[in-house]
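**Student:** Hey, dropping query.txt in here, compact mmCIF, C-alpha atoms:
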```txt
# COMPACT_ATOMS: atom_id res chain seq x y z
CA MET A 19 2.52 13.37 -23.92
CA ALA A 20 -1.07 14.00 -22.93
CA SER A 21 -1.63 15.54 -19.54
CA SER A 22 -2.57 13.23 -16.67
CA ARG A 23 -6.20 12.81 -15.72
CA ARG A 24 -7.36 12.06 -12.20
CA VAL A 25 -10.48 10.01 -11.70
CA ARG A 26 -12.36 12.58 -9.67
CA VAL A 27 -12.37 15.30 -12.33
CA PRO A 28 -14.27 14.86 -14.62
CA CYS A 29 -14.01 11.12 -15.26
CA ILE A 30 -16.28 9.92 -12.47
CA ILE A 31 -19.67 8.89 -13.72
CA GLN A 32 -20.62 7.45 -10.35
CA LYS A 33 -18.92 7.34 -6.95
CA ARG A 34 -20.34 5.57 -3.92
CA LYS A 35 -19.33 4.07 -0.61
CA VAL A 36 -20.07 0.78 1.05
CA LEU A 37 -19.89 0.65 4.82
CA ARG A 38 -19.56 -2.84 6.25
CA LEU A 39 -18.82 -4.18 9.74
CA LEU A 40 -15.50 -5.99 9.94
CA PRO A 41 -13.01 -6.98 12.67
CA ALA A 42 -11.10 -4.00 14.04
CA ILE A 43 -7.46 -3.51 13.07
CA LEU A 44 -7.05 0.05 14.32
CA VAL A 45 -4.19 0.90 16.63
CA GLY A 46 -5.03 2.80 19.80
CA SER A 47 -8.63 3.53 18.82
CA SER A 48 -11.52 3.11 21.23
CA ARG A 49 -13.27 1.18 18.48
CA GLN A 50 -10.62 -1.49 18.87
CA GLN A 51 -12.20 -2.47 22.17
CA LYS A 52 -15.53 -3.20 20.48
CA GLY A 53 -13.95 -5.66 18.07
CA VAL A 54 -15.60 -4.23 14.94
CA PHE A 55 -15.47 -1.07 12.86
CA LEU A 56 -17.10 0.35 9.77
CA LEU A 57 -15.10 -0.54 6.70
CA VAL A 58 -15.34 2.22 4.10
CA VAL A 59 -14.86 1.07 0.54
CA ASP A 60 -14.68 3.84 -2.05
CA PHE A 61 -15.25 2.85 -5.63
CA TRP A 62 -15.50 4.67 -8.92
CA LEU A 63 -17.20 3.88 -12.23
CA MET A 64 -15.35 5.49 -15.11
CA LYS A 65 -16.85 7.37 -18.04
CA PRO A 66 -16.15 5.70 -21.41
CA GLU A 67 -14.22 8.70 -22.78
CA CYS A 68 -11.77 8.27 -19.90
CA TRP A 69 -11.14 4.64 -20.87
CA PRO A 70 -10.91 4.51 -24.68
CA GLY A 71 -11.59 1.14 -26.28
CA ALA A 72 -13.35 -0.37 -23.26
CA THR A 73 -17.07 -0.91 -22.83
CA LYS A 74 -19.35 1.89 -21.79
CA ASP A 75 -19.12 0.78 -18.17
CA GLY A 76 -15.36 1.38 -17.97
CA ILE A 77 -13.28 0.15 -14.99
CA ILE A 78 -13.90 0.06 -11.26
CA ALA A 79 -11.35 1.04 -8.61
CA ILE A 80 -11.70 0.65 -4.86
CA ASN A 81 -9.80 1.93 -1.85
CA LYS A 82 -8.84 -1.44 -0.33
CA PRO A 83 -8.47 -1.58 3.46
CA TYR A 84 -5.38 -2.91 5.22
CA GLY A 85 -5.36 -6.58 6.17
CA ILE A 86 -7.92 -7.68 3.59
CA SER A 87 -6.58 -10.18 1.05
CA LEU A 88 -7.92 -10.61 -2.44
CA TYR A 89 -8.64 -14.32 -2.11
CA PRO A 90 -9.62 -16.55 0.83
CA LYS A 91 -6.85 -17.60 3.20
CA SER A 92 -4.34 -20.04 1.77
CA ASN A 93 -1.26 -21.73 3.12
CA ALA A 94 0.92 -20.26 0.36
CA ASN A 95 2.06 -17.26 2.44
CA THR A 96 1.87 -18.74 5.92
CA HIS A 97 5.27 -17.23 6.78
CA LEU A 98 3.88 -13.74 6.10
CA HIS A 99 1.09 -14.26 8.61
CA LEU A 100 3.69 -14.83 11.32
CA TYR A 101 4.96 -11.25 10.89
CA HIS A 102 1.55 -9.54 10.72
CA LYS A 103 -0.64 -9.75 13.82
CA ILE A 104 -4.11 -8.29 13.21
CA VAL A 105 -6.41 -7.88 16.21
CA GLY A 106 -9.63 -9.88 15.82
CA ILE A 107 -8.77 -11.02 12.30
CA ALA A 108 -11.45 -13.11 10.60
CA ASP A 109 -11.39 -15.50 7.66
CA TYR A 110 -12.49 -12.79 5.25
CA SER A 111 -11.32 -11.75 1.79
CA LEU A 112 -12.07 -9.06 -0.76
CA GLN A 113 -13.53 -11.74 -2.99
CA ASP A 114 -16.31 -12.19 -0.44
CA VAL A 115 -17.53 -8.62 -0.95
CA LEU A 116 -17.24 -8.52 -4.75
CA PRO A 117 -20.79 -9.86 -5.33
CA TYR A 118 -22.15 -7.04 -3.15
CA LEU A 119 -20.15 -4.41 -5.01
CA ALA A 120 -21.16 -5.83 -8.40
CA LYS A 121 -24.81 -5.78 -7.34
CA GLU A 122 -24.64 -2.17 -6.13
CA LEU A 123 -22.96 -1.09 -9.37
CA ASN A 124 -25.32 -3.16 -11.50
CA VAL A 125 -22.51 -4.99 -13.28
CA PRO A 126 -22.41 -8.76 -13.89
CA ILE A 127 -18.98 -9.44 -12.40
CA LEU A 128 -15.83 -7.80 -11.03
CA ILE A 129 -12.58 -9.33 -12.29
CA PRO A 130 -9.49 -8.47 -10.17
CA SER A 131 -6.64 -6.85 -12.07
CA PHE A 132 -3.96 -5.29 -9.82
CA GLY A 133 -3.40 -3.01 -6.86
CA ALA A 134 -2.64 -3.03 -3.13
CA GLU A 135 -1.70 -6.37 -1.61
CA LYS A 136 -3.05 -7.73 1.68
CA TYR A 137 -0.79 -5.81 4.06
CA VAL A 138 -1.11 -2.54 2.11
CA SER A 139 -4.14 -0.26 1.88
CA GLY A 140 -5.08 1.78 -1.18
CA VAL A 141 -5.92 1.47 -4.86
CA TYR A 142 -7.17 -1.83 -6.29
CA ILE A 143 -8.49 -1.99 -9.85
CA PHE A 144 -11.07 -4.33 -11.39
CA GLY A 145 -12.49 -4.93 -14.85
CA ILE A 146 -16.09 -5.92 -15.51
CA ASN A 147 -15.40 -8.06 -18.58
CA GLU A 148 -12.54 -9.59 -20.55
CA LYS A 149 -12.18 -6.62 -22.90
CA VAL A 150 -11.64 -4.22 -20.01
CA CYS A 151 -9.18 -6.64 -18.38
CA GLN A 152 -7.17 -6.84 -21.62
CA GLN A 153 -6.95 -3.04 -21.63
CA LEU A 154 -5.82 -3.09 -18.00
CA GLU A 155 -3.16 -5.69 -18.71
CA LEU A 156 -1.87 -3.63 -21.63
CA SER A 157 -1.81 -0.55 -19.41
CA ARG A 158 0.08 -2.41 -16.70
CA ARG A 159 2.79 -3.40 -19.19
CA ARG A 160 3.04 0.21 -20.31
CA ILE A 161 3.55 1.53 -16.76
CA GLN A 162 6.39 -0.79 -15.76
CA ASN A 163 8.75 2.17 -15.85
CA ARG A 164 6.09 4.59 -14.64
CA TYR A 165 4.95 4.57 -11.09
CA ARG A 166 2.88 3.51 -8.17
CA LYS A 167 2.88 6.20 -5.51
CA TYR A 168 3.01 4.99 -1.91
CA TRP A 169 2.77 6.88 1.36
CA VAL A 170 4.58 5.29 4.29
CA ILE A 171 5.05 6.17 7.95
CA THR A 172 8.47 5.40 9.42
CA THR A 173 9.89 4.83 12.89
CA ARG A 174 12.73 7.30 12.36
CA VAL A 175 13.40 10.49 10.41
CA PRO A 176 15.64 9.90 7.34
CA ASN A 177 18.88 11.81 6.97
CA GLU A 178 17.83 13.33 3.63
CA ILE A 179 14.43 14.80 2.79
CA LYS A 180 14.32 13.62 -0.84
CA GLY A 181 16.20 11.58 -3.41
CA LYS A 182 16.12 9.59 -6.62
CA HIS A 183 17.69 6.14 -6.95
CA ARG A 184 18.25 3.48 -9.59
CA LEU A 185 19.04 0.30 -7.71
CA ALA A 186 19.09 -3.46 -8.08
CA MET A 187 17.73 -6.20 -5.85
CA PHE A 188 19.44 -9.51 -5.36
CA LEU A 189 18.22 -12.61 -3.53
CA LYS A 190 21.09 -13.59 -1.27
CA THR A 191 21.42 -17.17 0.01
CA SER A 192 22.90 -18.04 3.41
CA ALA A 193 25.10 -21.04 4.20
CA SER A 194 22.02 -22.82 5.57
CA GLY A 195 20.01 -22.18 2.40
CA ASN A 196 17.81 -19.32 3.64
CA LYS A 197 17.15 -16.52 1.17
CA LYS A 198 16.71 -12.80 1.77
CA PRO A 199 16.68 -9.84 -0.63
CA ILE A 200 19.33 -7.15 -0.47
CA ILE A 201 19.61 -3.86 -2.34
CA LEU A 202 22.65 -3.24 -4.51
CA THR A 203 24.03 0.12 -5.61
CA GLN A 204 26.38 -1.55 -8.08
CA TRP A 205 25.70 -4.59 -10.26
CA SER A 206 26.71 -6.21 -13.54
CA ASN A 207 24.65 -6.15 -16.71
CA ASN A 208 25.22 -9.90 -17.04
CA ALA A 209 23.47 -10.44 -13.69
CA VAL A 210 20.47 -8.54 -15.04
CA LYS A 211 20.48 -10.56 -18.26
CA ARG A 212 20.59 -13.79 -16.24
CA ASN A 213 17.60 -12.46 -14.24
CA GLU A 214 19.63 -12.71 -11.04
CA THR A 215 19.03 -9.07 -10.15
CA LYS A 216 15.93 -6.89 -10.54
CA ILE A 217 16.29 -3.21 -11.43
CA ILE A 218 14.14 -0.79 -9.44
CA ASN A 219 13.68 2.97 -9.83
CA ILE A 220 12.65 4.78 -6.66
CA ASP A 221 11.99 8.46 -5.94
CA TYR A 222 11.14 9.63 -2.46
CA LYS A 223 10.44 12.80 -0.51
CA VAL A 224 9.49 13.57 3.07
CA VAL A 225 5.94 14.95 3.19
CA SER A 226 6.04 15.84 6.89
CA ASN A 227 7.77 14.99 10.16
CA SER A 228 5.84 14.08 13.28
CA MET A 229 5.75 16.01 16.50
CA HIS A 230 9.09 15.77 18.33
CA ASN A 231 10.62 14.51 15.03
CA LEU A 232 10.07 10.90 16.02
CA SER A 233 8.73 9.73 12.67
CA SER A 234 8.27 10.78 9.04
CA LEU A 235 5.50 10.58 6.47
CA ILE A 236 7.29 9.76 3.21
CA GLU A 237 6.06 9.59 -0.37
CA ILE A 238 7.75 6.83 -2.36
CA VAL A 239 7.31 6.39 -6.12
CA ALA A 240 8.45 2.93 -7.20
CA SER A 241 8.60 1.04 -10.47
CA SER A 242 8.25 -2.36 -8.80
CA ARG A 243 7.01 -3.97 -5.59
CA LYS A 244 8.91 -7.27 -5.77
CA TRP A 245 10.32 -8.78 -2.55
CA HIS A 246 8.77 -6.04 -0.38
CA ASN A 247 11.23 -3.58 -1.88
CA ILE A 248 9.40 -0.54 -0.44
CA ARG A 249 10.03 -1.89 3.07
CA LEU A 250 13.59 -2.91 2.28
CA PHE A 251 14.42 0.47 0.72
CA ALA A 252 13.06 2.39 3.72
CA SER A 253 14.98 0.24 6.16
CA THR A 254 18.36 -0.30 4.51
CA MET A 255 18.67 2.80 2.31
CA LEU A 256 16.84 5.49 4.29
CA TYR A 257 17.65 3.94 7.68
CA SER A 258 13.99 4.66 8.52
CA PRO A 259 12.05 1.39 8.82
CA ILE A 260 8.35 1.49 8.09
CA LEU A 261 6.12 1.47 11.17
CA GLY A 262 4.76 -2.06 11.67
CA ASP A 263 7.26 -3.73 9.34
CA ASN A 264 8.35 -6.88 11.16
CA ILE A 265 10.01 -8.39 8.06
CA HIS A 266 12.76 -5.90 7.21
CA GLY A 267 12.41 -3.46 10.11
CA SER A 268 15.33 -4.96 12.05
CA ARG A 269 17.74 -4.93 9.13
CA ILE A 270 19.22 -1.78 10.68
CA GLN A 271 20.04 -1.54 14.37
CA GLU A 272 21.56 0.99 16.77
CA ILE A 273 25.05 -0.10 17.77
CA MET A 274 26.93 2.14 20.24
CA GLY A 275 24.76 5.10 19.30
CA THR A 276 25.04 4.65 15.52
CA TRP A 277 22.45 3.11 13.22
CA LEU A 278 24.03 0.44 11.01
CA LYS A 279 22.94 -2.22 8.54
CA ILE A 280 23.43 -5.69 9.92
CA ASP A 281 23.94 -9.08 8.30
CA PRO A 282 20.51 -10.02 6.89
CA PHE A 283 20.93 -13.53 8.33
CA ALA A 284 21.97 -12.45 11.82
CA ASP A 285 19.69 -13.81 14.56
CA SER A 286 18.80 -10.26 15.63
CA SER A 287 17.41 -9.50 12.14
CA TRP A 288 14.39 -11.64 13.09
CA ASP A 289 13.66 -9.61 16.23
CA LEU A 290 10.89 -7.05 16.46
CA PRO A 291 12.22 -3.63 15.40
CA LYS A 292 13.21 -1.21 18.15
CA ILE A 293 10.67 1.62 18.35
CA ASN A 294 11.12 4.78 20.38
CA ARG A 295 9.03 4.51 23.56
CA GLN A 296 7.76 8.07 23.08
CA LEU A 297 6.46 7.11 19.62
CA LEU A 298 4.65 4.11 21.09
CA GLU A 299 3.06 6.36 23.71
CA LEU A 300 1.70 8.66 21.01
CA LEU A 301 0.10 5.59 19.42
CA ASN A 302 -1.36 4.43 22.76
CA ILE A 303 0.64 1.21 22.42
CA LYS A 304 2.57 -0.62 25.15
CA PRO A 305 5.93 -2.18 24.20
CA SER A 306 4.36 -5.62 24.76
CA GLN A 307 1.71 -4.79 22.13
CA GLN A 308 4.13 -3.70 19.41
CA GLU A 309 3.51 -6.72 17.19
CA ILE A 310 -0.11 -5.67 16.52
CA ILE A 311 0.90 -2.40 14.83
CA PRO A 312 -0.23 -2.57 11.17
CA VAL A 313 2.29 -2.03 8.41
CA HIS A 314 1.87 1.63 7.48
CA ILE A 315 1.99 1.52 3.68
CA HIS A 316 -0.76 3.09 1.59
CA LEU A 317 -0.89 2.80 -2.21
CA LYS A 318 -2.06 6.35 -2.80
CA SER A 319 -2.17 6.40 -6.58
CA VAL A 320 -1.60 4.33 -9.68
CA HIS A 321 -0.59 5.81 -13.04
CA LEU A 322 -2.13 4.13 -16.09
CA ILE A 323 -1.52 4.76 -19.80
CA VAL A 324 -4.74 3.92 -21.61
CA GLY A 325 -6.17 3.59 -25.09
CA LYS A 326 -4.69 3.89 -28.55
CA GLU A 327 -3.84 7.51 -27.83
CA LYS A 328 -1.84 6.43 -24.76
CA LYS A 329 -3.48 8.96 -22.47
CA ASP A 330 -2.38 9.29 -18.85
CA LEU A 331 -4.86 8.36 -16.14
CA VAL A 332 -4.07 8.66 -12.42
CA ILE A 333 -6.32 6.85 -9.94
CA GLU A 334 -6.00 8.13 -6.37
CA ALA A 335 -7.12 6.64 -3.06
CA PRO A 336 -7.60 8.92 -0.03
CA LEU A 337 -6.06 7.96 3.31
CA MET A 338 -8.05 5.61 5.52
CA ASP A 339 -7.72 4.08 8.97
CA PRO A 340 -5.47 2.86 10.49
CA PHE A 341 -3.06 4.94 8.38
CA ASP A 342 -5.04 8.18 8.66
CA TRP A 343 -5.57 7.68 12.40
CA THR A 344 -1.80 7.38 12.89
CA CYS A 345 -1.18 10.53 10.84
CA LYS A 346 -3.49 12.45 13.16
CA GLN A 347 -1.93 10.98 16.30
CA LEU A 348 1.55 11.95 15.17
CA LYS A 349 0.31 15.36 13.96
CA PHE A 350 1.74 15.21 10.46
CA LYS A 351 1.02 18.40 8.55
CA ILE A 352 -1.04 17.27 5.55
CA PRO A 353 -3.13 19.77 3.56
CA ASP A 354 -6.82 18.78 3.62
CA GLU A 355 -6.99 18.78 -0.18
CA ILE A 356 -4.30 16.07 -0.21
CA ARG A 357 -5.64 14.03 2.70
CA ASN A 358 -9.13 13.90 1.20
CA SER A 359 -8.28 14.35 -2.47
CA SER A 360 -10.98 11.97 -3.60
CA ASN A 361 -13.63 12.63 -0.95
CA GLU A 362 -16.13 14.85 -2.73
CA ALA A 363 -19.16 14.78 -0.44
CA ASN A 364 -21.60 15.82 -3.13
CA GLU A 365 -20.61 12.81 -5.28
CA GLU A 366 -21.14 10.15 -2.62
CA GLU A 367 -24.06 7.86 -1.98
CA LEU A 368 -23.80 5.79 1.18
CA VAL A 369 -24.89 2.18 1.17
CA TYR A 370 -25.06 0.40 4.54
CA MET A 371 -24.69 -3.35 4.54
CA ASN A 372 -25.09 -5.55 7.58
CA ALA A 373 -22.03 -7.63 8.36
CA HIS A 374 -24.10 -10.80 8.61
CA ASP A 375 -26.49 -10.12 5.74
CA GLY A 376 -25.94 -12.67 3.02
CA ASN A 377 -28.55 -11.20 0.66
```
Now, as a test, write the supplied structure out as structure tokens.
**Tutor:**
Amino acid sequence: MASSRRVRVPCIIQKRKVLRLLPAILVGSSRQQKGVFLLVVDFWLMKPECWPGATKDGIIAINKPYGISLYPKSNANTHLHLYHKIVGIADYSLQDVLPYLAKELNVPILIPSFGAEKYVSGVYIFGINEKVCQQLELSRRRIQNRYRKYWVITTRVPNEIKGKHRLAMFLKTSASGNKKPIILTQWSNNAVKRNETKIINIDYKVVSNSMHNLSSLIEIVASSRKWHNIRLFASTMLYSPILGDNIHGSRIQEIMGTWLKIDPFADSSWDLPKINRQLLELLNIKPSQQEIIPVHIHLKSVHLIVGKEKKDLVIEAPLMDPFDWTCKQLKFKIPDEIRNSSNEANEEELVYMNAHDGN
């Protein structure tokens, strides 16, 4: 198999940044008091030799911020909004900024393909025409058993520093008709054939522990993202819920000094997760403000297999606030070359856009 290529060397033909004023979602930052912050959007234009079979303009990837959806607000996922409180949130979507990005890159249109969802920061990939999008779709099918690499910050330190798992997910139904996913370590092949269970392959390793060992920075490589399986895995398999996860964070609870999985339909599973008071203090958060903590999941890289030669291409997204701010607050030990793996200052051109400028 061909060796993996990363977008920054030497595939970048152009790399720029757009800074735009948006509502603040940072935790504990002084900028939170002002109600706005500078949104940094990294994006890359790929050289044609790095994307065989596509047009000369290649693909475009951005580092999507947390809390920004792809499309304007809809009522389809209203239940998700109940579990994610964003300070000063506005009716704003990524689609609103696409015309600006297309104009700056001198391309006719940006067609969304795949990447980080609303409550995840990190890589999002676009095509500029149908031919590129067809290549992206083919690549996505090829990587189903490959990986998306996530970095997460947890509210506890896991018992083991690394592991590899092949698991199944099952949508369990309660007596009242409610449905919640659970992770299975044993399952039948017939259940898979009937599409009742979904197979997931997950590798993980602890990158660093925080000061006082209150939290961990964990790298998770997953073959799927269905049913928030990254959150569910961290909570019910690692017993280390993801910081800010108000959906599956209470699926484990401390009972008489021991952390145990609870019934997914128990009333207490809907409560806010219990977070160590010392950890909240490091984040400058009061217990009464816990619900505003963002979900700390960052899609750090996506592995594509492209072209007739099936070459590997890895697109990376450097850490950004609020995730990076939390890493610094908790004093995780992250080498600078990893933290800023795609921030090459001599490749950047800054473009400042007024938040209220519609031109």
**Student:** Using all atoms listed in the file for the distances, tell me which of A:Met229, A:Leu112, A:Val175, A:Val210 is nearest to Lys349 (chain A).
**Tutor:**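 Smallest distance to Lys349 (chain A) is found for A:Met229.
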**Student:** Of the residues A:Pro176, A:Pro340, A:Pro117, A:Pro83, which is the one nearest to Gly133 (chain A), using all atoms listed in the file?
**Tutor:**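 When distances to Gly133 (chain A) are compared using all atoms listed in the file, the smallest one comes from A:Pro83.
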**Student:** Have a look at CA of Glu309 (chain A) and CA of Ala240 (chain A) and let me know their distance in Å, one decimal.
**Tutor:**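 Spanning CA of Glu309 (chain A) to CA of Ala240 (chain A) is a straight-line distance of 26.7 Å.
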**Student:** Write out as AutoDock Vina command-line options an axis-aligned box for region 134-152 of chain A: all of its atoms listed in the file, 5 Å added on each side, centre and edge lengths in Å with one decimal.
**Tutor:**
```
--center_x -8.4 --center_y -3.9 --center_z -9.4 --size_x 25.3 --size_y 21.4 --size_z 37.0
```
**Student:** From the set A:His314, A:Lys180, A:Arg158, A:Lys279, which residue has the shortest atom-to-atom contact distance to Ser233 (chain A), counting all atoms listed in the file?
**Tutor:**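 Counting all atoms listed in the file, the residue closest to Ser233 (chain A) is A:His314.
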**Student:** Which one is closest to Ile143 (chain A): A:Ser234, A:Thr172, A:Ser319, A:Ser228? Count all atoms listed in the file.
**Tutor:** A:Ser319
**Student:** Between CA of Leu331 (chain A) and CA of Phe132 (chain A), what is the distance in Å, rounded to a tenth?
**Tutor:**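 Here the two named atoms are 15.1 Å from each other.
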**Student:** When you draw a straight line from CA of Thr254 (chain A) to CA of Glu299 (chain A), how long is it in Å?
**Tutor:**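 Between CA of Thr254 (chain A) and CA of Glu299 (chain A) the gap works out to 25.4 Å.
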